[in-house]
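For reference, the structure discussed in these notes is given below.
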2 protein chains.
Amino acid sequence: MNPEEFRAFGHRLIDWIADYRAGTSSRPVMSTVEPGSIRAQLPKAPPDAPESMDEVLRDVENIVVPGLSHWQHPRFFGYFPSNGELSSVLGDYLSTGLGVLGLSWQSSPALTEVEEVTTDWLRQMVGLSDKWSGVIQDTASTSTLVALICARERASRYSLVKGGLQTVESPLVVYVSAYSHSSVDKAALLAGFGRDHVRVVPADSAYAMRPDALKDAIRADLAAGRKPCAVVATTGTTATTAMDPIGALAEIAREHGLWLHVDAAMAGSAMILPECRHLWQGIEGADSIVLNPHKWLGVAFDCSVYYVRDAEHLVRVMSTNPSYLRSAVDEKVKNLRDWGIPLGRRFRALKLWFLIREQGVSGLQARLRRDLANAQWLKSAVESAPDWRVLAPVSLQTVCVRHEPAGLEGQALDRHTQAWADALNRSGAAYVTPATLDGRWMVRVSIGALLTERSHVEALWAAMREAVKDV
Amino acid sequence: MNPEEFRAFGHRLIDWIADYRAGTSSRPVMSTVEPGSIRAQLPKAPPDAPESMDEVLRDVENIVVPGLSHWQHPRFFGYFPSNGELSSVLGDYLSTGLGVLGLSWQSSPALTEVEEVTTDWLRQMVGLSDKWSGVIQDTASTSTLVALICARERASRYSLVKGGLQTVESPLVVYVSAYSHSSVDKAALLAGFGRDHVRVVPADSAYAMRPDALKDAIRADLAAGRKPCAVVATTGTTATTAMDPIGALAEIAREHGLWLHVDAAMAGSAMILPECRHLWQGIEGADSIVLNPHKWLGVAFDCSVYYVRDAEHLVRVMSTNPSYLRSAVDEKVKNLRDWGIPLGRRFRALKLWFLIREQGVSGLQARLRRDLANAQWLKSAVESAPDWRVLAPVSLQTVCVRHEPAGLEGQALDRHTQAWADALNRSGAAYVTPATLDGRWMVRVSIGALLTERSHVEALWAAMREAVKDV
């Protein structure tokens, strides 16, 4: 495709996206296509001859779009807000159009330096001290894997340059919470610790990790000759946005030489609001933090920022230095390939840079405060309705609810919950995520899509009350 | 930013990219800015109030672009071709604009199913049997890490659900080649094997792994009570595009129960040409393959396709199944979160789908054949010039050269090589990558940028001959 064809189809695509975003609210939020139905509409073999872009765009409209659940929809209350603010989308368009790679600083200096600057802006925005250095990863899953590998290497005194985890004298142990994200468990297993060496520390009634229980677990492992290695705390758990007590956990980590990794993937964005920072009090005592601007903050996916206090250790664990990647300036620059797993690196900082500049910190703060207020509104509405319950503290923008009509409990209540959530999702009126809490199904309402105003939350609440009638 | 503002700035951006791509050849290929100079031009703190997009785009032009090395330039001969074909760029624009995520099949069914179809198209294009299943990862570094973790788990009978690598009875060993990519060594270390358990198998005179040397290494490890686990072979090494003998290595792998992972990140694209497939003869005997369509083939970075024969094993190693990610159709669909490390997933298949359809397989084949012919032309030109040498077989599009004037050898020759390569790069006329081979510096010329025609290769050759005169 030559630049003039790109210009023509590019303009059409821009108009299409502008119309899509302007008209999202008229679409059903969740796709209800059957498994395999998209695949069945596509040719089994690739075309030998070129096809026209008109055909391609027609298939997008007729085949792809009906198979989408619309995350940018104002009544999307599922999972977490995955906001792709349009200024950030343009930043990503610039990156993809330029097509430059940051294999090393030299391979595109601006890519590295804009990333340094923007991750440092974000550091200031969330109130972290200048002891922290940031780097963009793809997702929190990857950031947490990096953190646990770094923890493993600190505790094992760089076993990777020797026998690896295969020759450690005392097995290393990782501590997680019963409400840690699934990626934390996965990271520990992928890093080679083994499930026998992952301790699930019990939570308190607010679903936060109990420091006393962590202490007990550490003591038991020490007594058994194992070596405590890392604890992963969460600022804003997936199920309920519970807040693990970072300060208390940091103290225990310091006492026992554990690596403290804080998963603030979702809730880290809230720290741009000074009034929220008490929720991760003690954060300066952590070793690493992951914070996903591609969630609530509005950066187009993917942009997960990993902050570390000891960048030198990260580089020592991750670095490779083959001849074909060296340059004369290596001593003077950051080579971000040594800050994570992948070698190749897109110019992802542009989408963060565009967002912060176009919105301004004050603009981002205003939007997040709107969402916090909407969550409090829904909480009050649910609490004051008969047979409805709010199940967990609403510290941010997630409200966990259950409809508990008299006489329904146990599995019958679970069936009722799943039935109305499913009916609500299938109606197209809203998208919510059912999940379990204390062994029972409930419904998470995650507020914070870009377009979600109070009216949409009111509409959701009305639809929820309708949904429970019909099942 | 509202959709109408997006429309206005989006159109400007499309025009800017179209002009950038049309005018790339008039820019110096490699940026020569000083370390820190981009950073110094940017504010230290984020803006509190919104800035205008005009300001942002002005900074792109004035600050960012001078700090770029232009990978889409017709005289870019560095590293490897990282082609962002403009049709693929549009596919990525659609993905980012839609802003949908594939956390599970249900969270956007078309995202998963288009990925299934397009990775299967690519499988057919490179001549693999239907025993293989593909999934998109970000980079080959990640794909290879996934492969080695899967190998580790097969050899250790799922140690991850028990004591992990920390309680294996006999240490597991990984075999790589002296010319494996740096990411292979990195993956083995990150997966916890430890450097003591990574064997570097010697290569032959064509820089390919020696099967007899692999056998010897396996025998030695078995004799010492260690357990051979995996061998990583390369189809198209980074330094010289050397071809490890896949068939012979597969036989050894089968005999000893080793996992065979094939890194065809760069050269895998060539397999869309039937005449190249003899270069990975025996590939069906591998367990996993990584192939990066974001290199030579033309998909906008990032799009690395990981193929496995035993998808069930991959899922068993990578799967997580928390309540908030479950859906009623899980038994009937692929949940691609269980096919790799990250949970979040962009609609990356669109950029592969757009490319294949807009170019057609025949169009892609024609471009790659052009590049192969250009490489042969350069090889002949270099070989027939006095004092110049081609250092390795030119099996694809990479030509490794050295200028060896009489009387220069050893470190003096190294200094000469580095000096002329640096002078060439700094002149802005071309971008080449110096690297070491057999302990001496040489220059890799990697041909295959989208815009690179014979005339550009001729211009490069002229510039090379000039460069050696001036140093």
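Chain labels run A, B, ... following the order of the structure tokens; each chain numbers its residues from 1, and ligands are numbered from 1 in the order shown.
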
Tell me, as a compact mmCIF listing (two decimals) with N, CA, C and O atoms, in the first residue's frame, which residues lie within 10 Å of Tyr93 in chain A, counting only C-alpha atoms; anything in the same chain fewer than 5 positions away does not count.
# COMPACT_ATOMS: atom_id res chain seq x y z
N SER A 87 -7.10 10.88 22.62
CA SER A 87 -5.78 11.52 22.45
C SER A 87 -4.68 10.45 22.51
O SER A 87 -3.70 10.50 21.78
N SER A 88 -4.87 9.49 23.40
CA SER A 88 -3.92 8.41 23.53
C SER A 88 -3.93 7.53 22.28
O SER A 88 -2.87 7.07 21.81
N LEU A 98 5.04 5.58 12.49
CA LEU A 98 6.49 5.80 12.42
C LEU A 98 7.23 4.48 12.25
O LEU A 98 8.22 4.40 11.52
N GLY A 99 6.75 3.46 12.95
CA GLY A 99 7.36 2.13 12.79
C GLY A 99 8.81 2.07 13.20
O GLY A 99 9.62 1.39 12.55
N LEU A 350 4.52 7.33 23.52
CA LEU A 350 3.77 8.40 22.86
C LEU A 350 2.32 8.44 23.32
O LEU A 350 1.74 9.50 23.51
N LYS A 351 1.72 7.26 23.52
CA LYS A 351 0.30 7.29 23.88
C LYS A 351 0.09 7.77 25.31
O LYS A 351 -0.95 8.36 25.62
N GLY B 10 -7.12 13.41 13.78
CA GLY B 10 -6.85 12.14 13.12
C GLY B 10 -6.54 12.34 11.65
O GLY B 10 -5.58 11.76 11.12
N LEU B 13 -3.17 13.71 11.36
CA LEU B 13 -2.14 12.70 11.64
C LEU B 13 -1.96 11.75 10.45
O LEU B 13 -0.83 11.38 10.10
N ILE B 14 -3.06 11.35 9.85
CA ILE B 14 -2.97 10.47 8.67
C ILE B 14 -2.16 11.16 7.58
O ILE B 14 -1.26 10.56 6.97
N ILE B 17 1.51 11.13 8.57
CA ILE B 17 2.16 9.82 8.38
C ILE B 17 2.35 9.53 6.89
O ILE B 17 3.41 9.04 6.47
N VAL B 89 -0.54 -1.22 9.15
CA VAL B 89 -0.68 -0.06 10.05
C VAL B 89 -2.17 0.27 10.22
O VAL B 89 -2.64 0.52 11.33
N LEU B 90 -2.92 0.22 9.13
CA LEU B 90 -4.36 0.51 9.23
C LEU B 90 -5.07 -0.54 10.09
O LEU B 90 -5.99 -0.21 10.85
N ASP B 92 -3.80 -2.05 12.58
CA ASP B 92 -3.49 -1.72 13.96
C ASP B 92 -4.28 -0.50 14.42
O ASP B 92 -4.72 -0.42 15.56
N TYR B 93 -4.47 0.46 13.51
CA TYR B 93 -5.27 1.65 13.85
C TYR B 93 -6.69 1.23 14.23
O TYR B 93 -7.29 1.76 15.17
N LEU B 94 -7.22 0.28 13.47
CA LEU B 94 -8.57 -0.20 13.79
C LEU B 94 -8.59 -0.81 15.18
O LEU B 94 -9.48 -0.52 15.99
N THR B 96 -6.60 -0.29 17.78
CA THR B 96 -6.46 0.69 18.87
C THR B 96 -7.71 1.55 18.99
O THR B 96 -8.15 1.88 20.10
N GLY B 97 -8.30 1.88 17.87
CA GLY B 97 -9.51 2.70 17.91
C GLY B 97 -10.69 1.97 18.53
O GLY B 97 -11.49 2.56 19.27

task = For range 191-195 of chain A, list every protein, DNA or RNA residue within 7 Å, evaluated using only C-alpha atoms, and leave out those in the same chain fewer than 6 positions away; present the list as a list of chain:residue names.
result =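 Result of the neighbour search: A:Leu145, A:Leu148, A:Ile149, A:Leu172, B:Ser159, B:Leu160, B:Val161, B:Lys162, B:Gly163, B:Gly164, B:Leu165, B:Gln166, B:Ala191, B:Gly192.
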
message = What's around Ser107 in chain B at 10 Å? Count only C-alpha atoms, leave out sequence neighbours fewer than 6 positions away in its own chain, and write the answer as a count of residues only.
response = 15

request  = Could you check how far CA of Pro322 in chain A sits from CA of Val200 in chain B, in Å to one decimal?
outcome  =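 Those two atoms sit 14.7 Å apart.
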
key: Separation of CA of Leu343 in chain A from CA of Pro35 in chain B, in Å and rounded to one decimal   =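 Rounded to one decimal, the two atoms are 20.2 Å apart.
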
Pick out the residues sitting within 10 Å of Gly268 in chain A, and hand them over as a compact mmCIF listing (two decimals) with all heavy atoms, in the first residue's frame; count only C-alpha atoms, and ignore anything fewer than 5 positions along from it in its own chain.
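Writing the result to out-v1.txt gives the following:
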# COMPACT_ATOMS: atom_id res chain seq x y z
N VAL A 126 1.54 10.23 40.73
CA VAL A 126 1.00 9.33 41.77
C VAL A 126 1.71 9.52 43.11
O VAL A 126 1.46 8.76 44.04
CB VAL A 126 1.05 7.84 41.33
CG1 VAL A 126 0.20 7.62 40.09
CG2 VAL A 126 2.48 7.37 41.10
N THR A 234 -1.44 -6.20 47.18
CA THR A 234 -2.30 -5.60 46.17
C THR A 234 -2.92 -4.31 46.67
O THR A 234 -3.46 -4.27 47.77
CB THR A 234 -3.41 -6.58 45.76
OG1 THR A 234 -2.82 -7.84 45.43
CG2 THR A 234 -4.18 -6.06 44.56
N THR A 235 -2.80 -3.28 45.87
CA THR A 235 -3.53 -2.04 46.12
C THR A 235 -4.70 -2.06 45.16
O THR A 235 -4.56 -1.76 43.98
CB THR A 235 -2.62 -0.82 45.87
OG1 THR A 235 -1.59 -0.81 46.86
CG2 THR A 235 -3.41 0.47 45.95
N GLY A 236 -5.85 -2.50 45.67
CA GLY A 236 -7.03 -2.61 44.81
C GLY A 236 -7.16 -3.97 44.19
O GLY A 236 -6.87 -4.16 43.00
N VAL A 262 4.23 -4.57 44.78
CA VAL A 262 2.86 -4.08 44.94
C VAL A 262 2.15 -4.07 43.60
O VAL A 262 2.57 -3.39 42.66
CB VAL A 262 2.83 -2.68 45.58
CG1 VAL A 262 1.41 -2.16 45.65
CG2 VAL A 262 3.45 -2.74 46.98
N ASP A 263 1.08 -4.83 43.52
CA ASP A 263 0.24 -4.87 42.33
C ASP A 263 -0.83 -3.79 42.48
O ASP A 263 -1.83 -3.98 43.18
CB ASP A 263 -0.39 -6.26 42.21
CG ASP A 263 -1.41 -6.34 41.07
OD1 ASP A 263 -1.63 -5.33 40.38
OD2 ASP A 263 -2.00 -7.44 40.89
N LEU A 273 -4.88 11.18 42.62
CA LEU A 273 -5.71 11.98 43.53
C LEU A 273 -5.07 11.95 44.92
O LEU A 273 -5.03 10.89 45.55
CB LEU A 273 -7.12 11.39 43.60
CG LEU A 273 -7.85 11.24 42.26
CD1 LEU A 273 -9.19 10.53 42.46
CD2 LEU A 273 -8.05 12.59 41.59
N CYS A 276 -6.53 9.97 47.75
CA CYS A 276 -6.55 8.49 47.72
C CYS A 276 -5.25 7.87 48.20
O CYS A 276 -5.18 6.66 48.42
CB CYS A 276 -6.83 7.99 46.30
SG CYS A 276 -8.55 8.19 45.80
N ARG A 277 -4.22 8.67 48.36
CA ARG A 277 -2.89 8.07 48.59
C ARG A 277 -2.74 7.37 49.92
O ARG A 277 -1.84 6.54 50.09
CB ARG A 277 -1.79 9.14 48.41
CG ARG A 277 -1.66 9.53 46.96
CD ARG A 277 -0.50 10.47 46.68
NE ARG A 277 -0.71 11.07 45.37
CZ ARG A 277 -0.32 12.28 45.02
NH1 ARG A 277 0.34 13.04 45.90
NH2 ARG A 277 -0.55 12.75 43.83
N LEU A 279 -4.45 5.13 50.76
CA LEU A 279 -4.79 3.74 50.49
C LEU A 279 -3.55 2.87 50.24
O LEU A 279 -3.63 1.65 50.36
CB LEU A 279 -5.74 3.64 49.29
CG LEU A 279 -7.13 4.26 49.50
CD1 LEU A 279 -7.90 4.31 48.18
CD2 LEU A 279 -7.94 3.48 50.54
N TRP A 280 -2.45 3.50 49.85
CA TRP A 280 -1.22 2.71 49.73
C TRP A 280 -0.13 3.30 50.61
O TRP A 280 1.06 3.21 50.29
CB TRP A 280 -0.79 2.51 48.28
CG TRP A 280 -0.22 3.66 47.51
CD1 TRP A 280 -0.02 4.94 47.95
CD2 TRP A 280 0.29 3.61 46.16
NE1 TRP A 280 0.53 5.70 46.95
CE2 TRP A 280 0.73 4.91 45.85
CE3 TRP A 280 0.39 2.62 45.19
CZ2 TRP A 280 1.27 5.22 44.58
CZ3 TRP A 280 0.94 2.94 43.95
CH2 TRP A 280 1.36 4.22 43.67
N ILE A 289 6.63 -1.86 41.92
CA ILE A 289 5.20 -1.55 41.82
C ILE A 289 4.81 -1.71 40.36
O ILE A 289 5.56 -1.32 39.47
CB ILE A 289 4.91 -0.08 42.20
CG1 ILE A 289 5.49 0.28 43.56
CG2 ILE A 289 3.42 0.23 42.15
CD1 ILE A 289 5.45 1.79 43.85
N VAL A 290 3.63 -2.26 40.13
CA VAL A 290 3.09 -2.20 38.77
C VAL A 290 1.79 -1.41 38.78
O VAL A 290 0.96 -1.55 39.67
CB VAL A 290 2.88 -3.59 38.12
CG1 VAL A 290 1.97 -4.49 38.96
CG2 VAL A 290 2.30 -3.44 36.72
N LEU A 291 1.66 -0.58 37.77
CA LEU A 291 0.56 0.37 37.67
C LEU A 291 0.20 0.45 36.19
O LEU A 291 1.07 0.69 35.36
CB LEU A 291 1.13 1.69 38.18
CG LEU A 291 0.32 2.92 38.43
CD1 LEU A 291 1.19 3.90 39.23
CD2 LEU A 291 -0.09 3.57 37.14
N ASN A 292 -1.05 0.19 35.87
CA ASN A 292 -1.45 0.11 34.46
C ASN A 292 -2.21 1.35 33.99
O ASN A 292 -3.43 1.41 34.13
CB ASN A 292 -2.35 -1.11 34.24
CG ASN A 292 -1.60 -2.41 34.26
OD1 ASN A 292 -0.38 -2.44 34.46
ND2 ASN A 292 -2.30 -3.51 34.06
N PRO A 293 -1.52 2.29 33.38
CA PRO A 293 -2.24 3.44 32.81
C PRO A 293 -3.22 3.02 31.71
O PRO A 293 -4.07 3.81 31.32
CB PRO A 293 -1.12 4.31 32.24
CG PRO A 293 0.12 3.85 32.89
CD PRO A 293 -0.07 2.41 33.21
N LYS A 295 -5.53 1.04 32.06
CA LYS A 295 -6.83 0.73 32.62
C LYS A 295 -7.60 2.04 32.79
O LYS A 295 -7.90 2.71 31.82
CB LYS A 295 -6.67 -0.05 33.93
CG LYS A 295 -6.16 -1.48 33.71
CD LYS A 295 -6.28 -2.34 34.97
CE LYS A 295 -6.21 -3.83 34.66
NZ LYS A 295 -4.84 -4.37 34.60
N TRP A 296 -7.89 2.39 34.01
CA TRP A 296 -8.75 3.53 34.30
C TRP A 296 -8.21 4.87 33.77
O TRP A 296 -8.96 5.76 33.36
CB TRP A 296 -8.90 3.57 35.82
CG TRP A 296 -9.97 4.37 36.42
CD1 TRP A 296 -11.03 4.99 35.82
CD2 TRP A 296 -10.09 4.64 37.83
NE1 TRP A 296 -11.80 5.62 36.77
CE2 TRP A 296 -11.24 5.42 38.00
CE3 TRP A 296 -9.34 4.29 38.95
CZ2 TRP A 296 -11.66 5.86 39.27
CZ3 TRP A 296 -9.75 4.72 40.19
CH2 TRP A 296 -10.90 5.50 40.35
N LEU A 297 -6.89 5.02 33.79
CA LEU A 297 -6.30 6.31 33.45
C LEU A 297 -6.58 6.73 32.01
O LEU A 297 -6.69 7.91 31.72
CB LEU A 297 -4.79 6.31 33.71
CG LEU A 297 -4.15 7.70 33.82
CD1 LEU A 297 -4.63 8.42 35.08
CD2 LEU A 297 -2.63 7.61 33.83

key: Contacts of Trp132 in chain A at 9 Å (only C-alpha atoms; same-chain gap of 4+ positions) as a list in words   =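 Near Trp132 in chain A, the qualifying residues are Asp120, Arg123, Leu128, Glu284, Ser288, Tyr307, Val308, Arg309, Asp310 and Ala311 of chain A.
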
Would you mind exporting the chosen residues as a tab-separated table (two decimals), in the first residue's frame, restricted to C-alpha atoms?
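Okay, out-v9.tsv is ready:
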chain	number	residue	atom	x	y	z
A	120	ASP	CA	8.80	10.02	35.42
A	123	ARG	CA	5.72	8.85	39.02
A	128	LEU	CA	6.14	8.52	44.43
A	284	GLU	CA	7.95	3.82	49.60
A	288	SER	CA	8.62	-2.75	42.89
A	307	TYR	CA	8.55	0.98	38.89
A	308	VAL	CA	11.63	-0.21	40.74
A	309	ARG	CA	13.82	1.27	43.42
A	310	ASP	CA	16.93	-0.66	42.42
A	311	ALA	CA	17.17	-0.28	38.67

task = Compile the contact shell of Tyr20 in chain A as a PyMOL selection string: residues with an atom at most 10 Å away, counting only C-alpha atoms, same-chain residues fewer than 4 positions apart removed.
result = (chain A and resi 14-16+24-27+72) or (chain B and resi 3+97-98)

Can those selected residues be exported to a file as a short mmCIF file (atom, residue, chain, number, x, y, z; two decimals), in the first residue's frame so that it contains C-alpha atoms?
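File produced: selection.cif:
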data_model
loop_
_atom_site.label_atom_id
_atom_site.label_comp_id
_atom_site.auth_asym_id
_atom_site.auth_seq_id
_atom_site.Cartn_x
_atom_site.Cartn_y
_atom_site.Cartn_z
CA ILE A 14 -10.48 7.87 11.06
CA ASP A 15 -14.06 8.76 10.16
CA TRP A 16 -15.17 5.21 10.89
CA THR A 24 -21.06 3.19 20.74
CA SER A 25 -23.90 3.73 23.16
CA SER A 26 -26.48 2.60 20.63
CA ARG A 27 -24.90 -0.87 20.36
CA GLN A 72 -15.49 1.79 25.29
CA PRO B 3 -14.91 12.12 18.49
CA GLY B 97 -9.51 2.70 17.91
CA LEU B 98 -11.90 -0.10 18.83
#

Nearest-residue call for Val135 in chain A, choices A:His403, A:Lys334, A:Arg465, A:Arg367, using only C-alpha atoms =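 Closest residue, counting only C-alpha atoms: A:Lys334.
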
key: Proximity to Asp185 in chain A - best of B:Met318, B:His261, B:Ser133, B:Val64, only C-alpha atoms   =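 Once distances to Asp185 in chain A are computed over only C-alpha atoms, the minimum belongs to B:Met318.
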
ask   = Closest to chain B among A:Pro274, A:Pro228, A:Pro47, A:Pro393, using only C-alpha atoms?
value =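 Distance minimum relative to chain B lands on A:Pro47.
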
Based on DSSP run over this structure's backbone, return all residues of range 29-159 of chain A in alpha helix (DSSP H), as a compact mmCIF listing (two decimals) with N, CA and C atoms, in the first residue's frame.
# COMPACT_ATOMS: atom_id res chain seq x y z
N SER A 37 -18.83 -18.81 15.32
CA SER A 37 -19.62 -18.19 14.25
C SER A 37 -18.82 -17.14 13.46
N ILE A 38 -17.86 -16.50 14.10
CA ILE A 38 -17.02 -15.54 13.35
C ILE A 38 -16.09 -16.33 12.42
N ARG A 39 -15.46 -17.33 13.00
CA ARG A 39 -14.53 -18.16 12.24
C ARG A 39 -15.21 -18.74 11.00
N ALA A 40 -16.44 -19.16 11.18
CA ALA A 40 -17.16 -19.81 10.08
C ALA A 40 -17.40 -18.86 8.91
N MET A 53 -9.23 -3.02 -0.31
CA MET A 53 -9.48 -2.56 1.05
C MET A 53 -10.98 -2.37 1.29
N ASP A 54 -11.72 -2.12 0.23
CA ASP A 54 -13.17 -2.00 0.41
C ASP A 54 -13.76 -3.30 0.94
N GLU A 55 -13.28 -4.41 0.38
CA GLU A 55 -13.75 -5.72 0.87
C GLU A 55 -13.38 -5.92 2.33
N VAL A 56 -12.14 -5.55 2.65
CA VAL A 56 -11.67 -5.76 4.02
C VAL A 56 -12.53 -4.95 4.98
N LEU A 57 -12.76 -3.68 4.66
CA LEU A 57 -13.52 -2.82 5.57
C LEU A 57 -14.98 -3.28 5.66
N ARG A 58 -15.49 -3.85 4.57
CA ARG A 58 -16.86 -4.38 4.61
C ARG A 58 -16.93 -5.56 5.59
N ASP A 59 -15.92 -6.41 5.55
CA ASP A 59 -15.90 -7.56 6.48
C ASP A 59 -15.76 -7.10 7.94
N LEU A 86 -9.16 9.14 23.33
CA LEU A 86 -8.85 9.33 21.91
C LEU A 86 -7.53 10.07 21.67
N SER A 87 -7.10 10.88 22.62
CA SER A 87 -5.78 11.52 22.45
C SER A 87 -4.68 10.45 22.51
N SER A 88 -4.87 9.49 23.40
CA SER A 88 -3.92 8.41 23.53
C SER A 88 -3.93 7.53 22.28
N VAL A 89 -5.12 7.33 21.73
CA VAL A 89 -5.23 6.56 20.48
C VAL A 89 -4.39 7.22 19.39
N LEU A 90 -4.44 8.54 19.33
CA LEU A 90 -3.63 9.24 18.32
C LEU A 90 -2.14 9.07 18.58
N GLY A 91 -1.76 9.06 19.84
CA GLY A 91 -0.35 8.82 20.18
C GLY A 91 0.09 7.46 19.68
N ASP A 92 -0.80 6.47 19.83
CA ASP A 92 -0.46 5.14 19.36
C ASP A 92 -0.42 5.09 17.83
N TYR A 93 -1.31 5.83 17.19
CA TYR A 93 -1.30 5.89 15.72
C TYR A 93 0.04 6.44 15.22
N LEU A 94 0.52 7.46 15.92
CA LEU A 94 1.81 8.02 15.53
C LEU A 94 2.90 6.97 15.65
N SER A 95 2.88 6.24 16.78
CA SER A 95 3.89 5.22 17.01
C SER A 95 3.88 4.16 15.90
N THR A 96 2.70 3.66 15.60
CA THR A 96 2.61 2.59 14.59
C THR A 96 2.98 3.12 13.21
N GLY A 97 2.58 4.34 12.92
CA GLY A 97 2.89 4.92 11.62
C GLY A 97 4.38 5.15 11.43
N LEU A 98 5.04 5.58 12.49
CA LEU A 98 6.49 5.80 12.42
C LEU A 98 7.23 4.48 12.25
N PRO A 109 16.74 7.10 19.59
CA PRO A 109 16.94 7.77 20.89
C PRO A 109 15.68 8.38 21.49
N ALA A 110 14.84 8.99 20.69
CA ALA A 110 13.66 9.66 21.24
C ALA A 110 12.72 8.67 21.90
N LEU A 111 12.66 7.46 21.36
CA LEU A 111 11.78 6.44 21.92
C LEU A 111 12.14 6.19 23.39
N THR A 112 13.41 6.05 23.66
CA THR A 112 13.85 5.79 25.04
C THR A 112 13.67 7.03 25.91
N GLU A 113 14.03 8.18 25.40
CA GLU A 113 14.03 9.36 26.27
C GLU A 113 12.62 9.87 26.56
N VAL A 114 11.71 9.76 25.59
CA VAL A 114 10.33 10.15 25.89
C VAL A 114 9.73 9.16 26.90
N GLU A 115 10.13 7.91 26.83
CA GLU A 115 9.66 6.93 27.82
C GLU A 115 10.19 7.27 29.21
N GLU A 116 11.45 7.64 29.28
CA GLU A 116 12.02 8.05 30.58
C GLU A 116 11.24 9.22 31.16
N VAL A 117 10.97 10.21 30.32
CA VAL A 117 10.31 11.43 30.80
C VAL A 117 8.86 11.15 31.21
N THR A 118 8.14 10.41 30.37
CA THR A 118 6.70 10.24 30.67
C THR A 118 6.50 9.31 31.87
N THR A 119 7.33 8.28 32.01
CA THR A 119 7.15 7.44 33.19
C THR A 119 7.55 8.21 34.44
N ASP A 120 8.46 9.18 34.28
CA ASP A 120 8.80 10.02 35.42
C ASP A 120 7.67 11.01 35.74
N TRP A 121 7.00 11.51 34.71
CA TRP A 121 5.81 12.35 34.94
C TRP A 121 4.77 11.56 35.76
N LEU A 122 4.55 10.33 35.32
CA LEU A 122 3.53 9.52 36.00
C LEU A 122 3.94 9.25 37.45
N ARG A 123 5.21 9.03 37.66
CA ARG A 123 5.72 8.85 39.02
C ARG A 123 5.34 10.06 39.89
N GLN A 124 5.58 11.23 39.38
CA GLN A 124 5.24 12.43 40.14
C GLN A 124 3.73 12.53 40.34
N MET A 125 2.98 12.16 39.32
CA MET A 125 1.51 12.27 39.40
C MET A 125 0.93 11.39 40.50
N ALA A 140 0.35 -6.14 33.44
CA ALA A 140 0.73 -6.39 34.83
C ALA A 140 1.20 -7.83 35.00
N SER A 141 0.66 -8.76 34.22
CA SER A 141 1.11 -10.15 34.31
C SER A 141 2.62 -10.21 34.09
N THR A 142 3.07 -9.53 33.06
CA THR A 142 4.50 -9.53 32.74
C THR A 142 5.29 -8.78 33.80
N SER A 143 4.78 -7.63 34.24
CA SER A 143 5.49 -6.85 35.25
C SER A 143 5.67 -7.67 36.52
N THR A 144 4.65 -8.39 36.91
CA THR A 144 4.73 -9.18 38.14
C THR A 144 5.69 -10.35 37.96
N LEU A 145 5.71 -10.93 36.77
CA LEU A 145 6.69 -11.99 36.50
C LEU A 145 8.11 -11.42 36.61
N VAL A 146 8.32 -10.26 36.05
CA VAL A 146 9.64 -9.61 36.15
C VAL A 146 9.99 -9.39 37.62
N ALA A 147 9.02 -8.92 38.40
CA ALA A 147 9.27 -8.64 39.82
C ALA A 147 9.67 -9.92 40.56
N LEU A 148 8.95 -11.00 40.30
CA LEU A 148 9.24 -12.23 41.04
C LEU A 148 10.56 -12.85 40.60
N ILE A 149 10.92 -12.68 39.34
CA ILE A 149 12.24 -13.16 38.91
C ILE A 149 13.33 -12.32 39.58
N CYS A 150 13.10 -11.01 39.68
CA CYS A 150 14.09 -10.16 40.35
C CYS A 150 14.19 -10.52 41.84
N ALA A 151 13.06 -10.82 42.45
CA ALA A 151 13.06 -11.23 43.85
C ALA A 151 13.84 -12.53 44.02
N ARG A 152 13.56 -13.45 43.12
CA ARG A 152 14.25 -14.75 43.13
C ARG A 152 15.75 -14.56 43.04
N GLU A 153 16.18 -13.68 42.18
CA GLU A 153 17.61 -13.49 41.97
C GLU A 153 18.27 -12.76 43.14
N ARG A 154 17.51 -11.86 43.79
CA ARG A 154 18.10 -11.20 44.95
C ARG A 154 18.26 -12.20 46.09
N ALA A 155 17.20 -12.99 46.30
CA ALA A 155 17.25 -13.94 47.41
C ALA A 155 18.26 -15.06 47.18

task = Determine which residues of range 236-425 of chain A receive a DSSP assignment of strand (DSSP E or B), computed from the backbone, and state them as a list in words.
result =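 These are the residues in question: Met243, Trp259, Leu260, His261, Val262, Asp263, Ser288, Ile289, Val290, Leu291, Ser304, Val305, Tyr306, Tyr307, Val308, Trp388, Arg389, Val390, Thr398, Val399, Cys400, Val401, Arg402 and His403 of chain A.
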